[in-house]
Structure formats: C-alpha cells, structure tokens
Amino acid sequence: MGEYGKLKYILAVGLPKSQERLLEQNFSDKENAFRTFEVLPDTCLYLYGYFDSEVSGAKIIKKPAESFPDDFLQYPPQETLIVTAESCCLELANTYDIAAVAYLEPGRNAFFGEDGKALSADLYAEGFDEIGPVYLERIYARHHRLPWKILETKRCIVQEFSMEWLPDLFSLYAGEGMTDYIEPLYEYEKEKEYQRAYIENMYCFYGFGMWIVRQKDTGKLIGRAGLECREDLDGEMELGYAIGVPWQNQGYAAEVCTEILSYAKEELGVSHICCVIEPGNERSVRLAQKLGFVLEKELVLDQRVMLKYEKKL
C-alpha cells in the first residue's frame, strides 16, 4: 500500500479521452517510475471509459463506462479516490466520504446533485497535465487528514507532523542544549493545540511548513526541518532545521537540508531562500555555509540580534 496506508483504487470516470490519456501517461511515465511504483506500490488506476475491451497494464486497468455503477460497491470508500466529470459520481463521493477530484470542462464551474445542492470536491482540475499518482495520493491524504510524506534521503524520511508524534517531539526537545538557539515548546496542552492549528492552517493552506525527520532504519523521530514564510522578513522563504542531540555531528542536517532545498526549487518554484541564525550558533553557521548560504546582513528580530544568510536556488 502507499505511504498513507490505504489508497488502493483511483477511479477515473466520465473523463474526456484527452484527459484519460494524460492520466494514463502520468501513471506510466518512466521518468516518474520511482514515485509511481515506490510511493503507490499497490494502487491501481481504473479508467472507466468507452473502450473496445478491458485492458490491464502497469497499474492501469481500463473498463467500459457502463460497468462503473455495478462495480462501484466493490471499492471501499476509505481506500478509494474518484476522478470524474460526472455529477452523479461526485455525488457518490460526497455521500460515501470518498476523496474526489472534479474535472471542470470548459465553461463549467460547479457540480450539483439531484436535489439541486452544490457538490464538493477536494480539487477542481481544468486538466491533468501535471496531475500524477503522487499528487493524487496527497489529495487522498489531505481528505483523510493524513500526513504527507515530503521526501526521502539516503537515511531519512521527511514528512508532515501528526499528533501521534507529540510525545516524541517533547522527548526530542528535552535533549541537553537542544533549545539553546531555538524556541522551546509550549507546555503540553498548549503545544497540542498549537500543533493542531498548525496542521490545519499551515499544511492545508500552504502545502509546506516545518516537518519532522525520521530515521529510515529505526523509524525514530530525530529532528525537524522545513520551510516557512517569515512575515517579519517581508514573506521571504526561510529554511529551518534542528537535529536531536544523539544524532548531531553525523551529517543528518546537511543530508536533509540539501534535499529540502531541491524540493523548494523543483516542487515549490522558489528562486531564493534565507536562514536566520543567532550569533554564537557556530554549528548552524557552518551548516549554512556548507549548503551554499552567504551572509547578507545583521538584523534585529523580536529584540534579538540575528544573522541573515541567503542562497539563490
């Protein structure tokens, strides 16, 4: 199964043939083979359209459109995502709490059920040029309030924070010297409410933020790293990172941050990024320089003198 645990069936129903071909191409794209077959190893794309016969391919199954109503109940709602241009299919998704992507044909801007009420979708798409398996899996995950897996490095997985990791986060921050140069956590109940709001507002609205870093071989939470827009820096994108004491001086921060910088450039379209470091934090200064950041200026933030480093991506 996929990283989010349960997505097995992607049902594309009632799409124009041109859009079906784009979805099929995105699932079969050899350049995205790692993402397609590692991130979604047990998930199939079922294309319901007007085909001469049923054809099975590499995780793509084609079926005639008229077979969909009879087939529908075999797909468990918690394991399914629907991609459709049909109001009746979107109504099924709304009724059974199924993640859904609605295709907006030219001139269309809404879908309505038989009772005349507007139907909702997790995404309204005008085309599928850039919508592939990873994108659809993330739509599914967001619908079910599951954390996104952002990227992998040789030794680590970087993913969104979820509440199950809160005790581990407190253990991480309890390490000696861990909060010498970063803000400590709130007391437990306040931090819990803060993290819940952060997940809902930061991840769901922006699609990025501070993530957790897990060790691949043990699954342990070993740090945090990510991207945030700083209002006090006129909205500039900032790289942040903190590795737990037992895993420091082992190259984890450089390994993770290198991939996050690539993610910022390639996935988010960021052209330059900054990091803000408190004077005296020599470990962070060395890491910033190793990553190619250059000292731009000294400034005062929250009544504290800070060093601002910048890097062009």
# chains A, B, ... in the order shown; residues from 1 in each chain; ligands from 1
$ residues_around --residues "region 146-153 of chain A" --least-positions-apart "6" --cutoff "10 Å" --atoms "only C-alpha atoms" --output "ChimeraX atom specification"
/A:3-5,39,134,137-140,159-163,199,203,207-208,211-216,226,252,255-260,263
$ select_by_dssp --residues "region 195-245 of chain A" --states "helix (DSSP H, G or I)" --output "list in words"
Gln195, Arg196, Ala197, Tyr198, Ile199, Glu200, Asn201, Met202, Tyr203, Cys204, Phe205, Tyr206, Glu231, Asp232, Leu233 and Val245 of chain A
$ write_last_selection --atoms "C-alpha atoms" --output "PDB file, in the first residue's frame"
ATOM      1  CA  GLN A 195       0.213  21.830  16.538  1.00  0.00           C
ATOM      2  CA  ARG A 196      -3.393  21.019  15.658  1.00  0.00           C
ATOM      3  CA  ALA A 197      -3.906  24.557  14.381  1.00  0.00           C
ATOM      4  CA  TYR A 198      -0.568  24.432  12.534  1.00  0.00           C
ATOM      5  CA  ILE A 199      -1.539  21.237  10.702  1.00  0.00           C
ATOM      6  CA  GLU A 200      -4.902  22.669   9.678  1.00  0.00           C
ATOM      7  CA  ASN A 201      -3.762  26.141   8.711  1.00  0.00           C
ATOM      8  CA  MET A 202      -0.148  25.821   7.573  1.00  0.00           C
ATOM      9  CA  TYR A 203      -0.024  22.428   5.889  1.00  0.00           C
ATOM     10  CA  CYS A 204      -3.532  22.531   4.434  1.00  0.00           C
ATOM     11  CA  PHE A 205      -3.307  26.123   3.189  1.00  0.00           C
ATOM     12  CA  TYR A 206       0.329  26.425   2.067  1.00  0.00           C
ATOM     13  CA  GLU A 231       6.226  37.844   7.867  1.00  0.00           C
ATOM     14  CA  ASP A 232       8.925  39.848   9.632  1.00  0.00           C
ATOM     15  CA  LEU A 233      11.138  39.319   6.564  1.00  0.00           C
ATOM     16  CA  VAL A 245      21.383  15.684  20.332  1.00  0.00           C
TER      17      VAL A 245
END
$ closest_residue --among "A:Phe72, A:Leu287, A:Asn94, A:Lys308" --to "Lys117 (chain A)" --atoms "only C-alpha atoms"
A:Asn94
$ residues_around --residues "Lys311 (chain A)" --least-positions-apart "2" --cutoff "7 Å" --atoms "only C-alpha atoms" --output "PyMOL selection string"
chain A and resi 272-274+292-294+313
$ atom_distance --atom1 "CA of Gly235 (chain A)" --atom2 "CA of Gly280 (chain A)"
25.5 Å
$ residues_around --residues "Ala99 (chain A)" --least-positions-apart "4" --cutoff "12 Å" --atoms "only C-alpha atoms" --output "PyMOL selection string"
chain A and resi 7+9-11+76-84+89-95+120-124+136-145
$ write_last_selection --atoms "C-alpha atoms" --output "compact mmCIF listing (two decimals), in the first residue's frame"
# COMPACT_ATOMS: atom_id res chain seq x y z
CA LEU A 7 -5.17 4.25 -1.02
CA TYR A 9 -8.18 2.44 -6.03
CA ILE A 10 -8.18 5.53 -8.21
CA LEU A 11 -11.35 5.57 -10.31
CA PRO A 76 -14.07 0.54 -0.05
CA PRO A 77 -14.58 4.31 0.46
CA GLN A 78 -11.56 4.60 2.78
CA GLU A 79 -9.29 3.10 0.09
CA THR A 80 -10.64 4.98 -2.93
CA LEU A 81 -10.26 8.26 -4.78
CA ILE A 82 -12.62 9.28 -7.60
CA VAL A 83 -11.61 11.47 -10.56
CA THR A 84 -14.68 12.45 -12.53
CA CYS A 89 -20.11 10.19 -9.45
CA LEU A 90 -19.22 13.25 -7.41
CA GLU A 91 -22.49 12.81 -5.52
CA LEU A 92 -21.43 9.26 -4.66
CA ALA A 93 -18.12 10.60 -3.40
CA ASN A 94 -19.92 13.14 -1.19
CA THR A 95 -22.35 10.52 0.11
CA SER A 120 -17.89 19.47 -3.17
CA ALA A 121 -14.56 18.06 -4.31
CA ASP A 122 -11.10 18.03 -2.78
CA LEU A 123 -9.72 19.50 -6.00
CA TYR A 124 -11.25 21.09 -9.09
CA LEU A 136 -3.49 12.22 -6.27
CA GLU A 137 -2.18 10.37 -3.23
CA ARG A 138 -1.65 13.68 -1.50
CA ILE A 139 -5.21 14.74 -2.31
CA TYR A 140 -6.39 11.49 -0.75
CA ALA A 141 -4.20 12.03 2.32
CA ARG A 142 -5.42 15.59 2.85
CA HIS A 143 -9.05 14.45 2.60
CA HIS A 144 -8.48 11.94 5.39
CA ARG A 145 -6.27 14.26 7.48
$ atom_distance --atom1 "CA of Thr218 (chain A)" --atom2 "CA of Tyr173 (chain A)"
18.8 Å
$ decode --residues "region 51-107 of chain A" --atoms "C-alpha atoms" --output "mmCIF file, in the first residue's frame"
data_model
loop_
_atom_site.group_PDB
_atom_site.id
_atom_site.type_symbol
_atom_site.label_atom_id
_atom_site.label_comp_id
_atom_site.auth_asym_id
_atom_site.auth_seq_id
_atom_site.Cartn_x
_atom_site.Cartn_y
_atom_site.Cartn_z
ATOM 1 C CA PHE A 51 -13.090 1.101 -24.719
ATOM 2 C CA ASP A 52 -13.476 -1.865 -27.023
ATOM 3 C CA SER A 53 -12.268 -4.259 -24.359
ATOM 4 C CA GLU A 54 -10.811 -4.471 -20.860
ATOM 5 C CA VAL A 55 -7.052 -3.929 -20.913
ATOM 6 C CA SER A 56 -4.691 -4.427 -17.980
ATOM 7 C CA GLY A 57 -1.391 -2.598 -17.966
ATOM 8 C CA ALA A 58 1.196 -1.360 -15.480
ATOM 9 C CA LYS A 59 -1.181 -0.429 -12.663
ATOM 10 C CA ILE A 60 -3.732 0.846 -15.168
ATOM 11 C CA ILE A 61 -6.966 -1.053 -15.751
ATOM 12 C CA LYS A 62 -9.385 0.069 -18.454
ATOM 13 C CA LYS A 63 -13.099 -0.744 -18.228
ATOM 14 C CA PRO A 64 -16.172 0.214 -20.223
ATOM 15 C CA ALA A 65 -18.076 3.164 -18.754
ATOM 16 C CA GLU A 66 -21.308 1.216 -18.331
ATOM 17 C CA SER A 67 -19.642 -1.189 -15.881
ATOM 18 C CA PHE A 68 -18.982 1.507 -13.287
ATOM 19 C CA PRO A 69 -22.360 1.536 -11.471
ATOM 20 C CA ASP A 70 -22.202 -2.222 -10.893
ATOM 21 C CA ASP A 71 -18.518 -2.111 -9.917
ATOM 22 C CA PHE A 72 -18.748 0.827 -7.524
ATOM 23 C CA LEU A 73 -19.633 -1.002 -4.304
ATOM 24 C CA GLN A 74 -16.555 -3.240 -4.518
ATOM 25 C CA TYR A 75 -14.292 -0.239 -3.805
ATOM 26 C CA PRO A 76 -14.067 0.536 -0.054
ATOM 27 C CA PRO A 77 -14.577 4.311 0.459
ATOM 28 C CA GLN A 78 -11.558 4.604 2.781
ATOM 29 C CA GLU A 79 -9.290 3.104 0.088
ATOM 30 C CA THR A 80 -10.638 4.975 -2.925
ATOM 31 C CA LEU A 81 -10.261 8.264 -4.782
ATOM 32 C CA ILE A 82 -12.619 9.283 -7.602
ATOM 33 C CA VAL A 83 -11.614 11.472 -10.555
ATOM 34 C CA THR A 84 -14.682 12.452 -12.525
ATOM 35 C CA ALA A 85 -16.509 14.917 -14.728
ATOM 36 C CA GLU A 86 -19.909 13.428 -13.805
ATOM 37 C CA SER A 87 -22.164 14.942 -11.130
ATOM 38 C CA CYS A 88 -23.605 11.518 -10.267
ATOM 39 C CA CYS A 89 -20.109 10.186 -9.449
ATOM 40 C CA LEU A 90 -19.220 13.247 -7.411
ATOM 41 C CA GLU A 91 -22.488 12.812 -5.525
ATOM 42 C CA LEU A 92 -21.433 9.255 -4.659
ATOM 43 C CA ALA A 93 -18.119 10.596 -3.396
ATOM 44 C CA ASN A 94 -19.919 13.136 -1.195
ATOM 45 C CA THR A 95 -22.350 10.515 0.108
ATOM 46 C CA TYR A 96 -19.720 7.921 1.000
ATOM 47 C CA ASP A 97 -16.967 10.343 2.139
ATOM 48 C CA ILE A 98 -14.634 9.449 -0.721
ATOM 49 C CA ALA A 99 -11.751 11.701 -1.733
ATOM 50 C CA ALA A 100 -12.602 13.276 -5.082
ATOM 51 C CA VAL A 101 -11.127 15.310 -7.927
ATOM 52 C CA ALA A 102 -13.676 17.006 -10.198
ATOM 53 C CA TYR A 103 -12.738 17.779 -13.787
ATOM 54 C CA LEU A 104 -14.030 21.184 -14.892
ATOM 55 C CA GLU A 105 -14.789 21.089 -18.575
ATOM 56 C CA PRO A 106 -14.546 24.431 -20.408
ATOM 57 C CA GLY A 107 -17.434 26.668 -19.347
#
